[in-house]
Amino acid sequence: MATDPAIPTTIPTTKAAAQALLDKLYAANPITLGDSEAISDAVAEVNVILTQLNQEDIASRTGAMQAVAADLKDPVKKLGELKGSADAGGEPGEDAGDIAKDIDSVIGGCKSVFGI
């Protein structure tokens, strides 16, 4: 965990740069096997970097995240209830399924990130 107070402020910028690089690597269209292998290797390394940046980012925000977790319990619970209501009485359709998946993603993400 970083002890330098300046480090956490660089995390979002570095993550954005790494994500932009990853996007470019995924969009690359290598012609040779060597180029393909190089891109594949670079993708793997950028993913390692992003994972570490995310872990450092989480570690730097742990106190703040714990503080807001209590405030998020009720909205997460209500969102889950709304999803249940939509599943039970909503009209079938692609949009409803997409919304249900998005709700699951938000709820799951909040539970994971905030430990609720």
# chains A, B, ... in the order shown; residues from 1 in each chain; ligands from 1

$ residues_around --residues "Ile107 in chain A" --least-positions-apart "2" --cutoff "9 Å" --atoms "only C-alpha atoms" --output "number ranges by chain"
A: 76-77, 79-80, 102-105, 109-112

$ residues_around --residues "Ile39 in chain A" --least-positions-apart "6" --cutoff "8 Å" --atoms "only C-alpha atoms" --output "count of residues only"
3

$ residues_around --residues "Ala18 in chain A" --least-positions-apart "6" --cutoff "12 Å" --atoms "only C-alpha atoms" --output "list in words"
Ile11, Pro12, Lys24, Leu25, Ala42, Val43, Ala44, Glu45, Val46, Asn47, Val48, Ile49, Leu50, Thr51, Gln52, Leu53 and Asn54 of chain A
